[in-house]
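Written out below as structure tokens is the structure these notes cover.
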Amino acid sequence: MLAERRHQLILRALRSGGPAAVTDLSEQLGVSPATVRRDLLRLEEEGLLTRVHGGAVVDEGDQPFAEVAEVRVAEKDAIAACAASMVEDGQSVLLDIGTTAYRLARQLHGRRITVITSNLVVYEELVDDENIELVLLGGMVRREYRSLVGFLTEDNLRQLHADWLFLGTSGVRPGGQVMDTTVVEVPVKRAMIRAGDKVVLLADRAKFPGTGMARVCGPEELDVVVTNGPPDPATRSSLEEAGVQVVVTGKAETT
């Protein structure tokens with residue numbers, strides 16, 4: 001594999017999943033740890049990442065939807081299938097932005113439900129499904145991330161209620177705080193939480209702790225966390241104290 005291609009894949013992995021160890025990157029790329037270390041050194045010299053003990057981290061920023069959508073698809077599909085099984089016909093579902101919510105939308109085809117979303121990719125996925133009542137929230141378009149934001153989106157959410165909110169995240173801190181990297185999305189996420197009866201966080205294992213500088217909510221505002229790997233002990237303890245149900249794909253445990 002050419003060095004330039006490796007560099008692209010390293011940056012993509014770090015942007016979508018947060019900090020990564022040299023050993024993990026080595027396995028993903030099929031190259032030696034020494035090669036990965038040289039790549040990280042070069043990328044750090046170019047100002048594209050920061051090396052940390054045993055690996056590297058990059059500021060995720062506002063990554064294009066299409067780029068993030070290509071990462072950990074099988075894991076997101078497992079989480080999405082588990083989340084879809086919670087929804088009953090006749091219920092209303094509020095879907096957040098992000099690629100896992102999109103994978104969930106793909107699992108909802110043919111269901112007699114109502115879907116409310118600010119996620120343009122979810123809208124495009126479901127718009128031709130006549131079984132689904134589809135509500136697209138208004139707002140300003142973030143073209144690269146295919147979402148709607150702003151006071152119009154928040155005003156719309158104040159007029160609506162959903163049985164389920166499926167919420168995305170950039171990271172979950174050990175204290176159970178749900179974080180996001182993009183400040184403009186946070187007010188919309190908070191409005192969604194207020195509009196949802198049951199709040200389900202969709203977070204693959206890379207989101208513990210993941211990234212994010214802006215706080216969306218605390219664990220007390222969550223009802224369920226669906227993930228493909230158990231959270232670290234500190235996060236588990238915080239969720240347990242808040243009475244959150246943790247559902248690990250393939251098994252479930254009430255914490």
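Here's how to read the names in the structure tokens: chain A, B, ... by the order shown, residue numbers from 1 in each chain, ligand numbers from 1 in the order shown.
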
Which neighbours of Arg194 (chain A) fall inside 12 Å, counting only C-alpha atoms, when residues of the same chain fewer than 6 positions from it are skipped, and could you give them as a VMD selection string? chain A and resid 94 154 to 155 157 to 165 167 187 to 188 216 to 217 221 to 222

Mind the document's chain letters and residue numbers, and return as a PyMOL selection string the residues of region 74-156 of chain A that DSSP labels helix (DSSP H, G or I). chain A and resi 74-84+99-107+120-126+151-156

Need to verify the contact set: Ala80 (chain A), 12 Å, only C-alpha atoms, exclusion of same-chain residues closer than 3 positions in sequence. Can you return it as number ranges by chain? A: 73-77, 83-87, 95, 99-108, 166-168, 200-204, 225-228, 247-249

I need the chosen residues saved as a PDB file, in the first residue's frame, with C-alpha atoms.
```
ATOM      1  CA  VAL A  73     -20.371  -0.430   8.891  1.00  0.00           C
ATOM      2  CA  ALA A  74     -20.877  -3.958  10.271  1.00  0.00           C
ATOM      3  CA  GLU A  75     -20.735  -2.691  13.861  1.00  0.00           C
ATOM      4  CA  LYS A  76     -23.211   0.088  13.108  1.00  0.00           C
ATOM      5  CA  ASP A  77     -25.553  -2.386  11.404  1.00  0.00           C
ATOM      6  CA  ALA A  83     -32.370  -0.601  18.078  1.00  0.00           C
ATOM      7  CA  ALA A  84     -34.954  -1.338  15.378  1.00  0.00           C
ATOM      8  CA  SER A  85     -36.226  -4.323  17.370  1.00  0.00           C
ATOM      9  CA  MET A  86     -37.301  -1.955  20.169  1.00  0.00           C
ATOM     10  CA  VAL A  87     -39.781  -0.117  17.948  1.00  0.00           C
ATOM     11  CA  LEU A  95     -33.744   9.933  14.381  1.00  0.00           C
ATOM     12  CA  THR A  99     -24.295   7.468  10.120  1.00  0.00           C
ATOM     13  CA  THR A 100     -25.616   5.037  12.740  1.00  0.00           C
ATOM     14  CA  ALA A 101     -29.046   6.681  12.563  1.00  0.00           C
ATOM     15  CA  TYR A 102     -28.877   6.204   8.806  1.00  0.00           C
ATOM     16  CA  ARG A 103     -28.098   2.510   9.258  1.00  0.00           C
ATOM     17  CA  LEU A 104     -31.087   2.310  11.620  1.00  0.00           C
ATOM     18  CA  ALA A 105     -33.342   3.923   9.003  1.00  0.00           C
ATOM     19  CA  ARG A 106     -32.412   1.128   6.603  1.00  0.00           C
ATOM     20  CA  GLN A 107     -33.730  -1.358   9.181  1.00  0.00           C
ATOM     21  CA  LEU A 108     -37.126   0.365   9.409  1.00  0.00           C
ATOM     22  CA  PHE A 166     -32.296   7.398  18.783  1.00  0.00           C
ATOM     23  CA  LEU A 167     -29.394   9.706  19.544  1.00  0.00           C
ATOM     24  CA  GLY A 168     -25.883   9.716  18.100  1.00  0.00           C
ATOM     25  CA  VAL A 200     -31.654   5.613  23.291  1.00  0.00           C
ATOM     26  CA  LEU A 201     -27.990   6.401  22.702  1.00  0.00           C
ATOM     27  CA  LEU A 202     -26.396   4.564  19.768  1.00  0.00           C
ATOM     28  CA  ALA A 203     -22.649   4.322  20.424  1.00  0.00           C
ATOM     29  CA  ASP A 204     -20.188   1.809  19.032  1.00  0.00           C
ATOM     30  CA  VAL A 225     -27.393   2.733  25.559  1.00  0.00           C
ATOM     31  CA  VAL A 226     -26.963   0.354  22.613  1.00  0.00           C
ATOM     32  CA  THR A 227     -23.369  -0.557  21.827  1.00  0.00           C
ATOM     33  CA  ASN A 228     -21.328  -3.385  20.342  1.00  0.00           C
ATOM     34  CA  VAL A 247     -27.719  -3.262  25.631  1.00  0.00           C
ATOM     35  CA  VAL A 248     -24.642  -4.904  24.086  1.00  0.00           C
ATOM     36  CA  THR A 249     -25.390  -6.355  20.667  1.00  0.00           C
TER      37      THR A 249
END
```

Apply DSSP to the structure's backbone, then extract all residues of region 77-209 of chain A labelled strand (DSSP E or B) and return them as a ChimeraX atom specification. /A:92-95,114-117,119,133-136,140-142,147-149,162-167,171-172,178-180,196-202

Only N, CA, C and O atoms, please: the residues just picked out, written as a compact mmCIF listing (two decimals), in the first residue's frame.
```txt
# COMPACT_ATOMS: atom_id res chain seq x y z
N SER A 92 -43.88 6.36 17.11
CA SER A 92 -43.14 7.44 16.44
C SER A 92 -41.68 7.39 16.86
O SER A 92 -41.36 7.12 18.02
N VAL A 93 -40.81 7.65 15.89
CA VAL A 93 -39.37 7.52 16.08
C VAL A 93 -38.69 8.79 15.63
O VAL A 93 -38.92 9.28 14.52
N LEU A 94 -37.85 9.35 16.49
CA LEU A 94 -37.06 10.54 16.17
C LEU A 94 -35.62 10.09 15.94
O LEU A 94 -35.01 9.49 16.82
N LEU A 95 -35.10 10.36 14.73
CA LEU A 95 -33.74 9.93 14.38
C LEU A 95 -32.82 11.14 14.30
O LEU A 95 -33.08 12.10 13.56
N THR A 114 -44.06 6.28 12.36
CA THR A 114 -43.76 7.65 11.98
C THR A 114 -42.30 7.92 12.29
O THR A 114 -41.83 7.64 13.40
N VAL A 115 -41.58 8.45 11.34
CA VAL A 115 -40.17 8.80 11.53
C VAL A 115 -40.02 10.31 11.38
O VAL A 115 -40.46 10.90 10.39
N ILE A 116 -39.41 10.92 12.38
CA ILE A 116 -39.13 12.36 12.40
C ILE A 116 -37.62 12.52 12.39
O ILE A 116 -36.92 11.87 13.18
N THR A 117 -37.10 13.39 11.53
CA THR A 117 -35.64 13.50 11.45
C THR A 117 -35.17 14.83 10.92
O THR A 117 -35.90 15.53 10.20
N ASN A 119 -32.07 14.50 9.61
CA ASN A 119 -31.00 13.82 8.88
C ASN A 119 -31.44 13.65 7.43
O ASN A 119 -32.34 12.87 7.13
N GLU A 133 -44.83 7.15 7.78
CA GLU A 133 -45.16 8.58 7.81
C GLU A 133 -43.85 9.31 8.12
O GLU A 133 -43.26 9.11 9.18
N LEU A 134 -43.43 10.14 7.20
CA LEU A 134 -42.11 10.76 7.31
C LEU A 134 -42.23 12.25 7.54
O LEU A 134 -42.90 12.96 6.78
N VAL A 135 -41.59 12.73 8.61
CA VAL A 135 -41.60 14.16 8.96
C VAL A 135 -40.17 14.68 8.88
O VAL A 135 -39.30 14.21 9.63
N LEU A 136 -39.93 15.62 7.99
CA LEU A 136 -38.61 16.24 7.86
C LEU A 136 -38.62 17.59 8.55
O LEU A 136 -39.43 18.47 8.21
N MET A 140 -31.52 25.18 8.69
CA MET A 140 -30.41 25.47 7.79
C MET A 140 -29.69 24.17 7.43
O MET A 140 -29.46 23.32 8.29
N VAL A 141 -29.32 24.03 6.18
CA VAL A 141 -28.69 22.80 5.70
C VAL A 141 -27.18 22.84 5.92
O VAL A 141 -26.50 23.77 5.49
N ARG A 142 -26.66 21.80 6.59
CA ARG A 142 -25.22 21.57 6.64
C ARG A 142 -24.92 20.56 5.54
O ARG A 142 -25.13 19.35 5.71
N SER A 147 -27.31 17.44 7.27
CA SER A 147 -28.23 17.62 8.38
C SER A 147 -28.84 19.01 8.36
O SER A 147 -28.40 19.90 7.63
N LEU A 148 -29.88 19.20 9.18
CA LEU A 148 -30.56 20.47 9.32
C LEU A 148 -30.38 20.96 10.75
O LEU A 148 -30.54 20.20 11.71
N VAL A 149 -30.02 22.23 10.90
CA VAL A 149 -29.75 22.79 12.23
C VAL A 149 -30.34 24.19 12.33
O VAL A 149 -30.82 24.76 11.35
N ALA A 162 -42.14 12.26 20.33
CA ALA A 162 -41.87 10.95 19.75
C ALA A 162 -41.77 9.91 20.86
O ALA A 162 -41.31 10.20 21.97
N ASP A 163 -42.19 8.67 20.54
CA ASP A 163 -42.06 7.59 21.51
C ASP A 163 -40.60 7.25 21.76
O ASP A 163 -40.21 6.92 22.88
N TRP A 164 -39.79 7.33 20.69
CA TRP A 164 -38.37 6.97 20.79
C TRP A 164 -37.51 8.05 20.17
O TRP A 164 -37.83 8.58 19.12
N LEU A 165 -36.42 8.37 20.83
CA LEU A 165 -35.33 9.14 20.21
C LEU A 165 -34.11 8.24 20.15
O LEU A 165 -33.68 7.68 21.17
N PHE A 166 -33.56 8.11 18.96
CA PHE A 166 -32.30 7.40 18.78
C PHE A 166 -31.22 8.44 18.51
O PHE A 166 -31.20 9.07 17.46
N LEU A 167 -30.35 8.61 19.49
CA LEU A 167 -29.39 9.71 19.54
C LEU A 167 -27.99 9.21 19.20
O LEU A 167 -27.57 8.15 19.65
N GLY A 171 -18.75 10.96 21.47
CA GLY A 171 -18.03 10.30 22.54
C GLY A 171 -18.82 10.31 23.83
O GLY A 171 -19.69 11.15 24.03
N VAL A 172 -18.49 9.35 24.71
CA VAL A 172 -19.12 9.26 26.03
C VAL A 172 -18.00 9.27 27.06
O VAL A 172 -17.16 8.37 27.08
N VAL A 178 -22.51 12.69 27.56
CA VAL A 178 -22.59 12.50 26.11
C VAL A 178 -22.06 13.76 25.44
O VAL A 178 -22.53 14.86 25.72
N MET A 179 -21.09 13.60 24.53
CA MET A 179 -20.39 14.73 23.94
C MET A 179 -20.59 14.79 22.43
O MET A 179 -20.97 13.81 21.79
N ASP A 180 -20.32 15.97 21.87
CA ASP A 180 -20.34 16.13 20.42
C ASP A 180 -19.21 17.06 20.00
O ASP A 180 -18.81 17.94 20.75
N GLY A 196 -38.37 13.49 23.06
CA GLY A 196 -38.44 12.03 23.07
C GLY A 196 -38.92 11.48 24.40
O GLY A 196 -38.51 11.96 25.46
N ASP A 197 -39.78 10.47 24.35
CA ASP A 197 -40.24 9.80 25.56
C ASP A 197 -39.15 8.90 26.10
O ASP A 197 -38.78 8.96 27.27
N LYS A 198 -38.62 8.03 25.24
CA LYS A 198 -37.50 7.17 25.60
C LYS A 198 -36.28 7.58 24.79
O LYS A 198 -36.35 7.70 23.56
N VAL A 199 -35.16 7.81 25.44
CA VAL A 199 -33.93 8.27 24.78
C VAL A 199 -32.93 7.12 24.72
O VAL A 199 -32.50 6.62 25.77
N VAL A 200 -32.58 6.73 23.51
CA VAL A 200 -31.65 5.61 23.29
C VAL A 200 -30.40 6.16 22.62
O VAL A 200 -30.46 6.74 21.53
N LEU A 201 -29.26 5.97 23.26
CA LEU A 201 -27.99 6.40 22.70
C LEU A 201 -27.38 5.26 21.89
O LEU A 201 -27.22 4.15 22.40
N LEU A 202 -27.05 5.53 20.64
CA LEU A 202 -26.40 4.56 19.77
C LEU A 202 -24.91 4.90 19.75
O LEU A 202 -24.51 5.95 19.24
```

Excluding His109 (chain A) and its own-chain neighbours fewer than 4 positions away, which residues fall within 10 Å of it when counting only C-alpha atoms? Please give them as a ChimeraX atom specification. /A:104-105,113,125-126,128-132

Selected residues written out, all heavy atoms, as a short mmCIF file (atom, residue, chain, number, x, y, z; two decimals), in the first residue's frame:
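Saved result, part32.cif, follows:
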```
data_model
loop_
_atom_site.label_atom_id
_atom_site.label_comp_id
_atom_site.auth_asym_id
_atom_site.auth_seq_id
_atom_site.Cartn_x
_atom_site.Cartn_y
_atom_site.Cartn_z
N LEU A 104 -29.83 2.68 10.97
CA LEU A 104 -31.09 2.31 11.62
C LEU A 104 -32.26 2.53 10.68
O LEU A 104 -33.18 1.70 10.60
CB LEU A 104 -31.26 3.12 12.91
CG LEU A 104 -32.61 2.99 13.63
CD1 LEU A 104 -32.96 1.54 13.90
CD2 LEU A 104 -32.58 3.80 14.92
N ALA A 105 -32.26 3.65 9.95
CA ALA A 105 -33.34 3.92 9.00
C ALA A 105 -33.49 2.79 7.99
O ALA A 105 -34.60 2.42 7.61
CB ALA A 105 -33.09 5.25 8.29
N ILE A 113 -44.85 3.02 10.95
CA ILE A 113 -44.42 3.92 12.01
C ILE A 113 -44.30 5.33 11.46
O ILE A 113 -44.39 5.55 10.25
CB ILE A 113 -43.06 3.48 12.60
CG1 ILE A 113 -41.99 3.45 11.50
CG2 ILE A 113 -43.17 2.11 13.28
CD1 ILE A 113 -40.60 3.14 12.01
N GLU A 125 -33.44 8.00 2.36
CA GLU A 125 -33.59 6.55 2.47
C GLU A 125 -35.06 6.14 2.57
O GLU A 125 -35.46 5.11 2.01
CB GLU A 125 -32.82 6.04 3.70
CG GLU A 125 -32.95 4.56 3.98
CD GLU A 125 -32.30 3.69 2.92
OE1 GLU A 125 -31.32 4.15 2.28
OE2 GLU A 125 -32.76 2.55 2.73
N LEU A 126 -35.87 6.92 3.27
CA LEU A 126 -37.23 6.51 3.60
C LEU A 126 -38.31 7.21 2.78
O LEU A 126 -39.49 6.83 2.89
CB LEU A 126 -37.50 6.75 5.09
CG LEU A 126 -36.61 5.98 6.08
CD1 LEU A 126 -36.97 6.37 7.51
CD2 LEU A 126 -36.72 4.49 5.88
N ASP A 128 -39.45 7.15 -0.17
CA ASP A 128 -40.28 6.37 -1.08
C ASP A 128 -41.01 5.22 -0.40
O ASP A 128 -41.75 4.48 -1.08
CB ASP A 128 -39.43 5.82 -2.24
CG ASP A 128 -38.90 6.93 -3.13
OD1 ASP A 128 -39.62 7.93 -3.33
OD2 ASP A 128 -37.77 6.80 -3.65
N ASP A 129 -40.84 5.07 0.89
CA ASP A 129 -41.50 4.00 1.63
C ASP A 129 -42.88 4.49 2.08
O ASP A 129 -42.99 5.27 3.03
CB ASP A 129 -40.66 3.58 2.83
CG ASP A 129 -41.16 2.29 3.47
OD1 ASP A 129 -42.39 2.06 3.47
OD2 ASP A 129 -40.33 1.52 3.96
N GLU A 130 -43.93 4.02 1.43
CA GLU A 130 -45.27 4.51 1.70
C GLU A 130 -45.85 4.01 3.01
O GLU A 130 -46.88 4.52 3.48
CB GLU A 130 -46.20 4.14 0.53
CG GLU A 130 -45.80 4.81 -0.78
CD GLU A 130 -46.75 4.49 -1.91
OE1 GLU A 130 -47.72 3.73 -1.68
OE2 GLU A 130 -46.53 5.01 -3.03
N ASN A 131 -45.23 3.02 3.62
CA ASN A 131 -45.69 2.55 4.93
C ASN A 131 -45.33 3.52 6.04
O ASN A 131 -45.99 3.54 7.09
CB ASN A 131 -45.09 1.18 5.24
CG ASN A 131 -45.65 0.09 4.37
OD1 ASN A 131 -46.85 -0.17 4.38
ND2 ASN A 131 -44.80 -0.55 3.58
N ILE A 132 -44.29 4.30 5.82
CA ILE A 132 -43.76 5.18 6.87
C ILE A 132 -44.27 6.60 6.69
O ILE A 132 -44.17 7.18 5.60
CB ILE A 132 -42.22 5.17 6.84
CG1 ILE A 132 -41.70 3.79 7.25
CG2 ILE A 132 -41.64 6.25 7.75
CD1 ILE A 132 -40.19 3.65 7.16
#
```

Between CA of Arg6 (chain A) and CA of Ser32 (chain A) - distance in Å to one decimal: 11.9 Å

Skip Gly243 (chain A) itself and residues of its chain fewer than 3 positions away, then list as number ranges by chain all residues within 8 Å of it, counting only C-alpha atoms. A: 220, 223, 239-240, 255

Go ahead and write the residues just picked, all heavy atoms, as a compact mmCIF listing (two decimals), in the first residue's frame.
```txt
# COMPACT_ATOMS: atom_id res chain seq x y z
N GLU A 220 -28.23 10.80 33.22
CA GLU A 220 -29.58 10.79 33.79
C GLU A 220 -30.66 11.10 32.75
O GLU A 220 -31.85 10.85 32.98
CB GLU A 220 -29.68 11.81 34.93
CG GLU A 220 -29.54 13.27 34.52
CD GLU A 220 -28.11 13.73 34.27
OE1 GLU A 220 -27.19 12.92 34.54
OE2 GLU A 220 -27.93 14.89 33.85
N ASP A 223 -32.19 6.64 28.67
CA ASP A 223 -32.90 5.45 29.13
C ASP A 223 -32.14 4.18 28.76
O ASP A 223 -32.11 3.22 29.54
CB ASP A 223 -34.30 5.40 28.52
CG ASP A 223 -35.18 6.55 29.02
OD1 ASP A 223 -35.55 6.53 30.20
OD2 ASP A 223 -35.46 7.47 28.22
N LEU A 239 -23.26 5.00 34.30
CA LEU A 239 -24.54 4.61 33.72
C LEU A 239 -25.37 3.82 34.73
O LEU A 239 -26.58 4.02 34.85
CB LEU A 239 -24.31 3.80 32.45
CG LEU A 239 -23.65 4.54 31.28
CD1 LEU A 239 -23.26 3.55 30.18
CD2 LEU A 239 -24.55 5.62 30.73
N GLU A 240 -24.71 2.95 35.48
CA GLU A 240 -25.40 2.13 36.48
C GLU A 240 -26.04 3.01 37.53
O GLU A 240 -27.21 2.81 37.90
CB GLU A 240 -24.38 1.18 37.11
CG GLU A 240 -24.95 0.22 38.11
CD GLU A 240 -23.88 -0.71 38.63
OE1 GLU A 240 -23.64 -1.75 38.00
OE2 GLU A 240 -23.27 -0.38 39.67
N THR A 255 -28.29 -2.21 33.83
CA THR A 255 -27.35 -1.66 34.81
C THR A 255 -28.02 -0.56 35.59
O THR A 255 -29.05 -0.04 35.20
CB THR A 255 -26.12 -1.10 34.10
OG1 THR A 255 -26.53 -0.05 33.23
CG2 THR A 255 -25.39 -2.16 33.33
```

For Ser238 (chain A), list every protein, DNA or RNA residue within 8 Å, evaluated using only C-alpha atoms, and leave out those in the same chain fewer than 6 positions away; present the list as a list in words. Pro174, Gly175, Gly176 and Pro219 of chain A

Separation of CA of Val122 (chain A) and CA of Thr211 (chain A), in Å? 23.6 Å

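Remark: for Thr182 (chain A), the closest of the candidate residues A:Gly150, A:Gly110, A:Pro233, A:Gly212 is A:Gly212 (distances computed over only C-alpha atoms).
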
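When only C-alpha atoms are used to measure the gap to Arg51 (chain A), the shortest distance among A:Ala78, A:Leu2, A:Ala13, A:Ala21 belongs to A:Ala21.
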
Which of these, A:Phe208, A:Ser118, A:Ser170, A:Pro33, has the shortest distance to Leu152 (chain A) once you count only C-alpha atoms? A:Ser118

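Between CA of Ile10 (chain A) and CA of Ser26 (chain A) there is a distance of 9.7 Å.
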